[in-house]
>>> print(open('start.txt').read())   # compact mmCIF, C-alpha atoms
# COMPACT_ATOMS: atom_id res chain seq x y z
CA MET A 963 87.84 123.51 85.21
CA ARG A 964 90.49 126.19 84.95
CA ALA A 965 92.04 125.38 88.30
CA PHE A 966 92.90 121.92 87.08
CA LEU A 967 94.90 123.19 84.12
CA SER A 968 97.77 123.89 86.51
CA ILE A 969 98.37 120.14 86.85
CA ALA A 970 100.20 120.27 83.51
CA LEU A 971 102.93 122.35 85.15
CA PHE A 972 103.66 119.50 87.55
CA VAL A 973 103.98 116.67 85.06
CA ALA A 974 107.32 115.96 83.40
CA LEU A 975 107.20 116.58 79.68
CA SER A 976 107.70 113.56 77.45
CA PRO A 977 107.75 114.93 73.89
CA TRP A 978 108.60 111.55 72.40
CA LEU A 979 105.29 110.12 73.58
CA LYS A 980 102.62 111.96 71.60
CA ALA A 981 99.65 109.60 71.90
CA GLU A 982 96.74 111.32 73.59
CA ILE A 983 94.96 110.17 76.71
CA THR A 984 91.27 110.12 75.84
CA ALA A 985 87.98 108.68 77.00
CA ASP A 986 87.15 107.43 73.48
CA GLY A 987 85.10 104.26 73.68
CA LEU A 988 83.64 104.96 77.11
CA PRO A 989 79.91 105.79 77.26
CA GLU A 990 78.80 109.19 78.54
CA GLY A 991 78.39 109.79 82.26
CA ALA A 992 81.56 108.30 83.76
CA ALA A 993 82.10 109.57 87.29
CA VAL A 994 85.58 108.06 87.52
CA PHE A 995 88.14 107.76 84.72
CA LEU A 996 91.30 105.65 84.87
CA HIS A 997 94.03 105.44 82.23
CA PHE A 998 96.99 103.10 82.54
CA SER A 999 99.60 102.93 79.78
CA ASN A 1000 101.62 99.74 79.92
CA SER A 1001 103.58 101.02 76.92
CA SER A 1002 104.62 104.20 78.73
CA LEU A 1003 105.46 102.35 81.94
CA GLY A 1004 107.53 99.83 79.98
CA GLN A 1005 109.78 102.62 78.67
CA THR A 1006 110.64 103.82 82.18
CA GLU A 1007 113.36 102.46 84.45
CA LEU A 1008 110.71 101.38 86.96
CA GLY A 1009 108.76 99.54 84.28
CA LYS A 1010 111.84 97.63 83.18
CA VAL A 1011 112.53 96.59 86.78
CA ILE A 1012 108.92 95.45 87.24
CA GLN A 1013 109.05 93.34 84.11
CA ASP A 1014 112.44 91.83 85.02
CA SER A 1015 111.28 91.09 88.58
CA PHE A 1016 107.83 89.61 87.98
CA THR A 1017 107.95 87.79 84.65
CA GLY A 1018 109.47 84.57 85.99
CA LYS A 1019 107.52 81.31 85.95
CA GLU A 1020 107.21 81.44 89.74
CA PHE A 1021 104.89 84.45 89.40
CA GLN A 1022 102.56 82.83 86.91
CA THR A 1023 99.09 82.10 88.25
CA PRO A 1024 96.95 79.35 86.71
CA GLU A 1025 94.96 82.11 84.96
CA THR A 1026 97.95 83.91 83.41
CA LYS A 1027 99.56 80.60 82.43
CA ALA A 1028 96.35 79.48 80.74
CA LEU A 1029 95.97 82.84 78.98
CA GLU A 1030 99.46 82.57 77.52
CA GLU A 1031 99.38 78.88 76.62
CA LYS A 1032 95.80 78.59 75.38
CA LEU A 1033 95.10 82.07 74.03
CA GLY A 1034 98.60 83.27 73.16
CA PHE A 1035 98.21 86.36 75.35
CA ASN A 1036 101.12 87.72 77.42
CA PRO A 1037 99.94 90.65 79.61
CA PHE A 1038 103.42 92.20 79.87
CA GLU A 1039 104.01 92.18 76.12
CA ASP A 1040 100.57 92.31 74.52
CA LEU A 1041 98.59 94.64 76.79
CA LYS A 1042 99.32 98.25 75.79
CA GLU A 1043 96.66 100.33 77.51
CA ILE A 1044 93.77 100.15 79.97
CA VAL A 1045 91.02 102.77 79.95
CA ALA A 1046 88.28 102.40 82.56
CA GLY A 1047 85.11 104.27 83.44
CA LEU A 1048 83.06 103.93 86.62
CA TYR A 1049 79.37 104.83 86.59
CA ARG A 1050 76.88 105.35 89.41
CA ASP A 1051 73.19 104.65 88.93
CA ASN A 1052 72.02 107.19 91.50
CA ASN A 1053 68.36 106.38 90.83
CA ALA A 1054 68.73 102.70 91.66
CA ALA A 1055 67.60 101.50 95.07
CA LYS A 1056 71.12 100.42 96.02
CA ASN A 1057 73.03 103.10 94.06
CA LYS A 1058 74.41 100.45 91.75
CA THR A 1059 77.97 100.83 90.45
CA LYS A 1060 78.67 99.92 86.81
CA ALA A 1061 81.96 99.88 84.94
CA VAL A 1062 83.61 99.52 81.56
CA ILE A 1063 87.27 98.54 81.16
CA LEU A 1064 88.78 98.84 77.68
CA LEU A 1065 91.83 96.65 77.06
CA ARG A 1066 93.89 97.80 74.09
CA GLY A 1067 96.83 95.89 72.69
CA LYS A 1068 97.56 92.85 70.59
CA PHE A 1069 94.98 90.09 70.78
CA ASP A 1070 94.08 87.14 68.58
CA LEU A 1071 90.31 86.87 68.32
CA LYS A 1072 90.57 83.46 66.65
CA LYS A 1073 92.31 82.10 69.74
CA PHE A 1074 89.96 83.97 72.08
CA ALA A 1075 87.08 82.31 70.25
CA THR A 1076 88.27 79.03 71.80
CA ILE A 1077 87.56 80.25 75.35
CA SER A 1078 84.40 78.15 75.51
CA GLN A 1079 86.31 75.02 74.49
CA LYS A 1080 89.10 75.68 77.00
CA THR A 1081 86.96 76.72 79.96
CA SER A 1082 83.40 75.51 79.22
CA ALA A 1083 82.25 79.13 79.58
CA HIS A 1084 79.11 79.74 77.54
CA CYS A 1085 79.57 82.09 74.56
CA SER A 1086 76.79 84.58 73.82
CA VAL A 1087 76.62 86.91 70.84
CA VAL A 1088 75.73 90.60 71.14
CA GLU A 1089 75.50 92.46 67.82
CA SER A 1090 77.76 89.84 66.18
CA TYR A 1091 80.42 90.10 68.93
CA SER A 1092 81.33 87.11 71.11
CA THR A 1093 80.90 87.58 74.85
CA TRP A 1094 81.60 85.47 77.92
CA ASP A 1095 80.73 85.70 81.59
CA VAL A 1096 84.04 86.43 83.35
CA ALA A 1097 82.99 84.39 86.40
CA GLU A 1098 82.57 81.33 84.16
CA VAL A 1099 85.91 81.92 82.43
CA VAL A 1100 87.81 82.27 85.72
CA ALA A 1101 86.11 79.21 87.18
CA GLY A 1102 86.99 77.22 84.07
CA LEU A 1103 90.63 78.26 84.19
CA ASN A 1104 90.83 77.19 87.84
CA ASN A 1105 88.71 74.05 87.42
CA GLU A 1106 86.37 75.37 90.09
CA PRO A 1107 82.59 75.78 90.32
CA VAL A 1108 81.22 79.14 89.21
CA SER A 1109 80.64 81.61 92.04
CA LYS A 1110 76.93 82.42 92.18
CA ALA A 1111 77.74 85.83 93.69
CA ASP A 1112 79.95 86.77 90.73
CA ARG A 1113 77.94 85.23 87.91
CA GLY A 1114 76.59 87.74 85.41
CA LYS A 1115 78.31 90.78 86.91
CA VAL A 1116 81.20 91.24 84.45
CA ILE A 1117 81.14 90.31 80.77
CA LEU A 1118 84.15 89.95 78.45
CA VAL A 1119 83.50 91.24 74.91
CA ALA A 1120 85.80 90.40 71.97
CA PHE A 1121 85.54 93.58 69.90
CA ALA A 1122 88.66 93.56 67.71
CA ASP A 1123 92.20 92.20 67.46
CA ASP A 1124 93.41 95.38 69.16
CA CYS A 1125 90.56 95.89 71.65
CA LEU A 1126 88.69 93.74 74.17
CA PHE A 1127 86.56 95.11 76.95
CA LEU A 1128 85.08 94.09 80.28
CA SER A 1129 81.68 95.54 81.08
CA SER A 1130 78.69 95.50 83.36
CA PRO A 1131 75.88 93.89 81.34
CA GLU A 1132 73.92 97.16 81.06
CA LEU A 1133 76.83 98.98 79.42
CA ILE A 1134 77.75 96.46 76.71
CA LYS A 1135 75.59 97.95 73.95
CA PRO A 1136 76.40 101.62 74.81
CA THR A 1137 80.13 100.74 74.73
CA LEU A 1138 79.81 98.94 71.40
CA SER A 1139 78.02 101.97 70.01
CA CYS A 1140 80.85 104.26 71.14
CA LEU A 1141 83.57 101.99 69.76
CA GLN A 1142 81.72 101.79 66.45
CA LYS A 1143 81.50 105.63 66.41
CA LYS A 1144 77.71 105.48 66.23
CA THR A 1145 77.36 107.61 69.36
CA LEU A 1146 79.63 110.09 71.09
CA SER A 1147 82.02 108.80 73.72
CA CYS A 1148 82.46 110.29 77.17
CA SER A 1149 84.05 113.74 76.98
CA THR A 1150 87.73 113.80 77.95
CA PRO A 1151 88.03 115.88 81.16
CA LEU A 1152 89.72 119.28 80.77
CA ALA A 1153 92.36 118.30 83.30
CA ILE A 1154 93.44 115.43 81.06
CA THR A 1155 93.24 117.61 77.97
CA ALA A 1156 95.81 119.82 79.71
CA LEU A 1157 98.16 116.85 79.97
CA ASN A 1158 97.78 116.22 76.25
CA LEU A 1159 98.41 119.90 75.41
CA ALA A 1160 101.60 119.74 77.47
CA GLN A 1161 102.60 116.58 75.55
CA ALA A 1162 102.87 114.80 78.88
CA LYS A 1163 102.26 111.07 79.08
CA PRO A 1164 102.03 109.86 82.68
CA TRP A 1165 101.65 106.11 82.81
CA LEU A 1166 98.79 106.34 85.30
CA VAL A 1167 95.98 108.90 85.38
CA PHE A 1168 93.05 108.82 87.82
CA TYR A 1169 90.25 111.38 87.56
CA SER A 1170 86.94 111.65 89.41
CA ASP A 1171 83.99 114.00 89.12
CA PHE A 1172 81.98 114.04 92.34
CA SER A 1173 79.13 116.04 90.81
CA LYS A 1174 78.09 112.74 89.18
CA ILE A 1175 78.13 110.79 92.44
CA LYS A 1176 75.09 111.21 94.68
CA ALA A 1177 75.48 107.90 96.45
CA LYS A 1178 76.25 107.09 100.05
CA GLY A 1179 79.51 105.48 101.12
CA PHE A 1180 83.10 106.72 100.81
CA LEU A 1181 82.74 108.50 97.46
CA GLY A 1182 79.46 110.06 98.52
CA GLU A 1183 80.98 111.29 101.78
CA MET A 1184 83.85 112.95 99.93
CA GLY A 1185 81.33 114.76 97.78
CA GLU A 1186 79.42 115.88 100.86
CA LYS A 1187 82.66 117.37 102.19
CA GLY A 1188 82.78 119.65 99.16
CA MET A 1189 85.16 117.73 96.90
CA GLN A 1190 84.35 118.53 93.28
CA GLN A 1191 87.06 116.89 91.19
CA THR A 1192 90.31 115.01 91.72
CA LEU A 1193 93.23 114.26 89.44
CA ILE A 1194 96.17 111.99 90.28
CA THR A 1195 99.05 111.17 87.93
CA LEU A 1196 102.13 108.96 88.13
CA ASN A 1197 105.09 109.57 85.86
CA GLU A 1198 108.85 109.10 85.72
CA ASN A 1199 111.47 111.55 84.49
CA GLY A 1200 114.32 109.06 84.70
CA ARG A 1201 115.62 110.06 88.12
CA ASN A 1202 112.34 110.24 90.04
CA ILE A 1203 108.90 108.70 90.19
CA GLN A 1204 106.65 111.74 90.13
CA ILE A 1205 103.41 111.66 92.11
CA ARG A 1206 101.04 114.58 91.52
CA GLY A 1207 97.50 115.11 92.72
CA GLU A 1208 94.94 117.85 93.03
CA ALA A 1209 91.51 117.91 94.64
CA GLU A 1210 89.20 120.85 94.02
CA PHE A 1211 86.67 121.87 96.69
CA THR A 1212 83.62 124.12 96.80
CA THR A 1213 85.21 126.52 99.32
CA PRO A 1214 88.75 127.34 100.52
CA ASP A 1215 87.74 126.26 104.05
CA GLN A 1216 86.82 122.79 102.80
CA ALA A 1217 90.13 122.59 100.94
CA GLU A 1218 92.00 123.61 104.09
CA ALA A 1219 90.18 120.99 106.20
CA ALA A 1220 91.07 118.29 103.66
CA THR A 1221 94.69 119.46 103.53
CA GLN A 1222 95.07 119.13 107.29
CA GLU A 1223 93.35 115.73 107.24
CA PHE A 1224 95.73 114.40 104.57
CA LYS A 1225 98.74 115.68 106.52
CA LYS A 1226 97.45 114.00 109.67
CA MET A 1227 96.90 110.68 107.88
CA ILE A 1228 100.43 110.70 106.44
CA LYS A 1229 101.95 111.57 109.83
CA ILE A 1230 100.03 108.88 111.72
CA THR A 1231 100.90 106.21 109.13
CA SER A 1232 104.57 107.20 109.23
CA LEU A 1233 104.64 107.01 113.04
CA ILE A 1234 103.13 103.52 112.94
CA LEU A 1235 105.79 102.36 110.48
CA VAL A 1236 108.63 103.91 112.50
CA SER A 1237 107.40 102.27 115.70
CA GLN A 1238 107.70 98.83 113.99
CA LYS A 1239 104.85 97.57 116.15
CA PHE A 1240 102.75 96.92 113.11
CA THR A 1241 103.64 95.98 109.55
CA PHE A 1242 101.61 96.97 106.51
CA THR A 1243 103.53 94.61 104.27
CA GLN A 1244 105.29 91.29 104.72
CA THR A 1245 108.58 92.58 106.14
CA ASN A 1246 110.16 95.62 107.76
CA ALA A 1247 112.25 96.08 104.62
CA SER A 1248 109.13 96.62 102.53
CA ASP A 1249 107.70 98.93 105.17
CA ASN A 1250 110.85 101.06 105.00
CA TYR A 1251 110.22 101.65 101.31
CA LEU A 1252 106.63 102.59 102.10
CA LEU A 1253 107.97 105.03 104.68
CA ASP A 1254 110.23 106.57 102.02
CA LEU A 1255 107.15 107.06 99.84
CA LEU A 1256 105.20 108.72 102.64
CA ASN A 1257 108.13 110.99 103.56
CA CYS A 1258 108.42 112.26 99.99
CA LEU A 1259 104.81 113.44 99.90
CA LYS A 1260 104.08 117.14 100.37
CA VAL A 1261 100.56 118.40 100.99
CA SER A 1262 99.53 122.02 100.54
CA ARG A 1263 96.54 124.22 99.78
CA VAL A 1264 96.20 126.86 97.09
CA GLY A 1265 92.80 128.54 97.15
CA TYR A 1266 90.16 125.91 96.45
CA LEU A 1267 92.74 123.18 95.80
CA THR A 1268 94.39 120.61 98.00
CA LYS A 1269 97.64 119.52 96.32
CA ILE A 1270 99.78 116.45 96.90
CA SER A 1271 103.17 116.02 95.28
CA GLY A 1272 106.18 113.83 95.76
CA ASP A 1273 109.36 112.80 93.99
CA LEU A 1274 110.57 109.34 94.97
CA PRO A 1275 114.02 108.46 93.57
CA THR A 1276 113.62 105.81 90.91
CA ILE A 1277 116.49 103.83 92.42
CA LYS A 1278 114.57 103.51 95.72
CA ALA A 1279 111.39 102.45 93.93
CA ALA A 1280 113.39 99.88 91.95
CA GLN A 1281 114.93 98.53 95.16
CA ALA A 1282 111.44 98.22 96.64
CA ILE A 1283 110.17 96.27 93.64
CA ARG A 1284 113.14 93.90 93.75
CA THR A 1285 112.69 93.37 97.49
CA ILE A 1286 108.98 92.62 97.12
CA ALA A 1287 109.72 90.23 94.25
CA LEU A 1288 112.37 88.43 96.31
CA GLU A 1289 110.01 88.16 99.28
CA SER A 1290 107.34 86.70 97.02
CA ARG A 1291 109.78 84.17 95.58
CA ASN A 1292 110.93 83.11 99.06
CA GLU A 1293 107.36 82.84 100.31
CA LYS A 1294 106.31 80.66 97.37
CA ALA A 1295 109.42 78.52 97.77
CA SER A 1296 108.60 78.02 101.46
CA ARG A 1297 105.01 77.03 100.67
CA THR A 1298 106.21 74.57 98.04
CA ALA A 1299 108.70 73.02 100.47
CA ALA A 1300 106.04 72.77 103.17
CA THR A 1301 103.63 70.89 100.89
CA ARG A 1302 106.28 68.56 99.45
CA PRO A 1303 105.87 65.02 100.86
CA THR A 1304 108.52 63.92 103.35
CA PRO A 1305 110.65 60.97 102.09
CA ALA A 1306 109.96 57.75 103.95
CA GLU A 1307 112.77 56.76 106.24
>>> encode(input="start.txt", output="structure tokens")
Amino acid sequence: MRAFLSIALFVALSPWLKAEITADGLPEGAAVFLHFSNSSLGQTELGKVIQDSFTGKEFQTPETKALEEKLGFNPFEDLKEIVAGLYRDNNAAKNKTKAVILLRGKFDLKKFATISQKTSAHCSVVESYSTWDVAEVVAGLNNEPVSKADRGKVILVAFADDCLFLSSPELIKPTLSCLQKKTLSCSTPLAITALNLAQAKPWLVFYSDFSKIKAKGFLGEMGEKGMQQTLITLNENGRNIQIRGEAEFTTPDQAEAATQEFKKMIKITSLILVSQKFTFTQTNASDNYLLDLLNCLKVSRVGYLTKISGDLPTIKAAQAIRTIALESRNEKASRTAATRPTPAE
């Protein structure tokens, strides 16, 4: 909608990054759209700090270690982009949620074809494409029994050397049809088209259309309060991490009520952090960075829109990442020391 075109004015221009953010490959009807560009994040100062801070062996989980050793896949280097769509089956008895997550980057389908050998996960074929139950793959990587609650919910599909996708079973064939260009993909929202026209490339984009959500629960309640669409972007202009968000409502009064509610939530959370009687993270140091983030946020209303914006100095965000990484290292070192057998006297 026209009101959302103004978001382009709030996103730092990045003319050297021309690739468009699109919903290509996602089936029609997505109520929520998420785009994460690992490539764009990696070119920012924050992205470089994240990679330097969390790529050590101490941060490898059994799953990531197995992915790299057995399948030759390094998430930091090989994953370029994530595009996700969330769908609501409003006619289902339990308002079932379905999803598709496209993973674009550099993959080796020959190595991925060995998943069954490495994990004992059964390989099924859908329209000549290999697929695996994610619950079986994860259980195999961890040498654990398959969770009955998770079995059959998410399927991994090996589509091409530059594209894999995770999908609810019902959306596998519609997604394949979109990727093969046999059917039209989900239309790219106008708000995101505005970002492309401005040649902006935020590394994270979150968009939701509440007209497609008739379900109960949190998302349904937001729709009942008049929220029509939301758009949130994260970007970096070198000096600052830029947080921008807009929520469009049916009436100005609803937008005003939401604006005051957001302000209240930020104020209450900040007061809790300042009091130091409760910690959201592991240490007070991490909470101080969270407080910096909250203090940088500004909430306002313009007509039917509730707007949130904030510029957090990149240097502060980098310090926060390094602190969190150090805390994680120390915690893992302490756990390792605690489980190490005591030498016999």
>>> residues_around(input="start.txt", residues="Asp1040 in chain A", least_positions_apart="4", cutoff="8 Å", atoms="only C-alpha atoms", output="count of residues only")
5
>>> atom_distance(input="start.txt", atom1="CA of Leu1048 in chain A", atom2="CA of Glu1218 in chain A")
27.8 Å
>>> atom_distance(input="start.txt", atom1="CA of Thr1221 in chain A", atom2="CA of Ser1149 in chain A")
29.2 Å
>>> residues_around(input="start.txt", residues="Ser1147 in chain A", least_positions_apart="3", cutoff="9 Å", atoms="all atoms listed in the file", output="MDAnalysis selection string")
chainID A and resid 985:990 1137 1139:1141 1143 1150
>>> write_last_selection(input="start.txt", atoms="C-alpha atoms", output="tab-separated table (two decimals), in the frame of the given file")
chain	number	residue	atom	x	y	z
A	985	ALA	CA	87.98	108.68	77.00
A	986	ASP	CA	87.15	107.43	73.48
A	987	GLY	CA	85.10	104.26	73.68
A	988	LEU	CA	83.64	104.96	77.11
A	989	PRO	CA	79.91	105.79	77.26
A	990	GLU	CA	78.80	109.19	78.54
A	1137	THR	CA	80.13	100.74	74.73
A	1139	SER	CA	78.02	101.97	70.01
A	1140	CYS	CA	80.85	104.26	71.14
A	1141	LEU	CA	83.57	101.99	69.76
A	1143	LYS	CA	81.50	105.63	66.41
A	1150	THR	CA	87.73	113.80	77.95
>>> atom_distance(input="start.txt", atom1="CA of Gln1005 in chain A", atom2="CA of Ala1282 in chain A")
18.6 Å
>>> axis_aligned_box(input="start.txt", around="range 1189-1207 of chain A", padding_each_side="4 Å", output="AutoDock Vina command-line options")
--center_x 100.0 --center_y 113.6 --center_z 90.7 --size_x 39.3 --size_y 17.8 --size_z 20.4
>>> closest_residue(input="start.txt", among="A:Ala1083, A:Val1236, A:Ile1277, A:Val1088", to="Ala1120 in chain A", atoms="all atoms listed in the file")
A:Val1088
>>> closest_residue(input="start.txt", among="A:Ser1002, A:Gln1281, A:Gln1013, A:Thr1268", to="Leu1193 in chain A", atoms="only C-alpha atoms")
A:Thr1268
>>> residues_around(input="start.txt", residues="Thr1212 in chain A", least_positions_apart="4", cutoff="12 Å", atoms="only C-alpha atoms", output="list in words")
Phe1172, Ser1173, Met1184, Gly1185, Glu1186, Lys1187, Gly1188, Met1189, Gln1190, Gln1191, Gln1216, Ala1217, Glu1218, Ala1219, Ala1220, Gly1265, Tyr1266, Leu1267 and Thr1268 of chain A
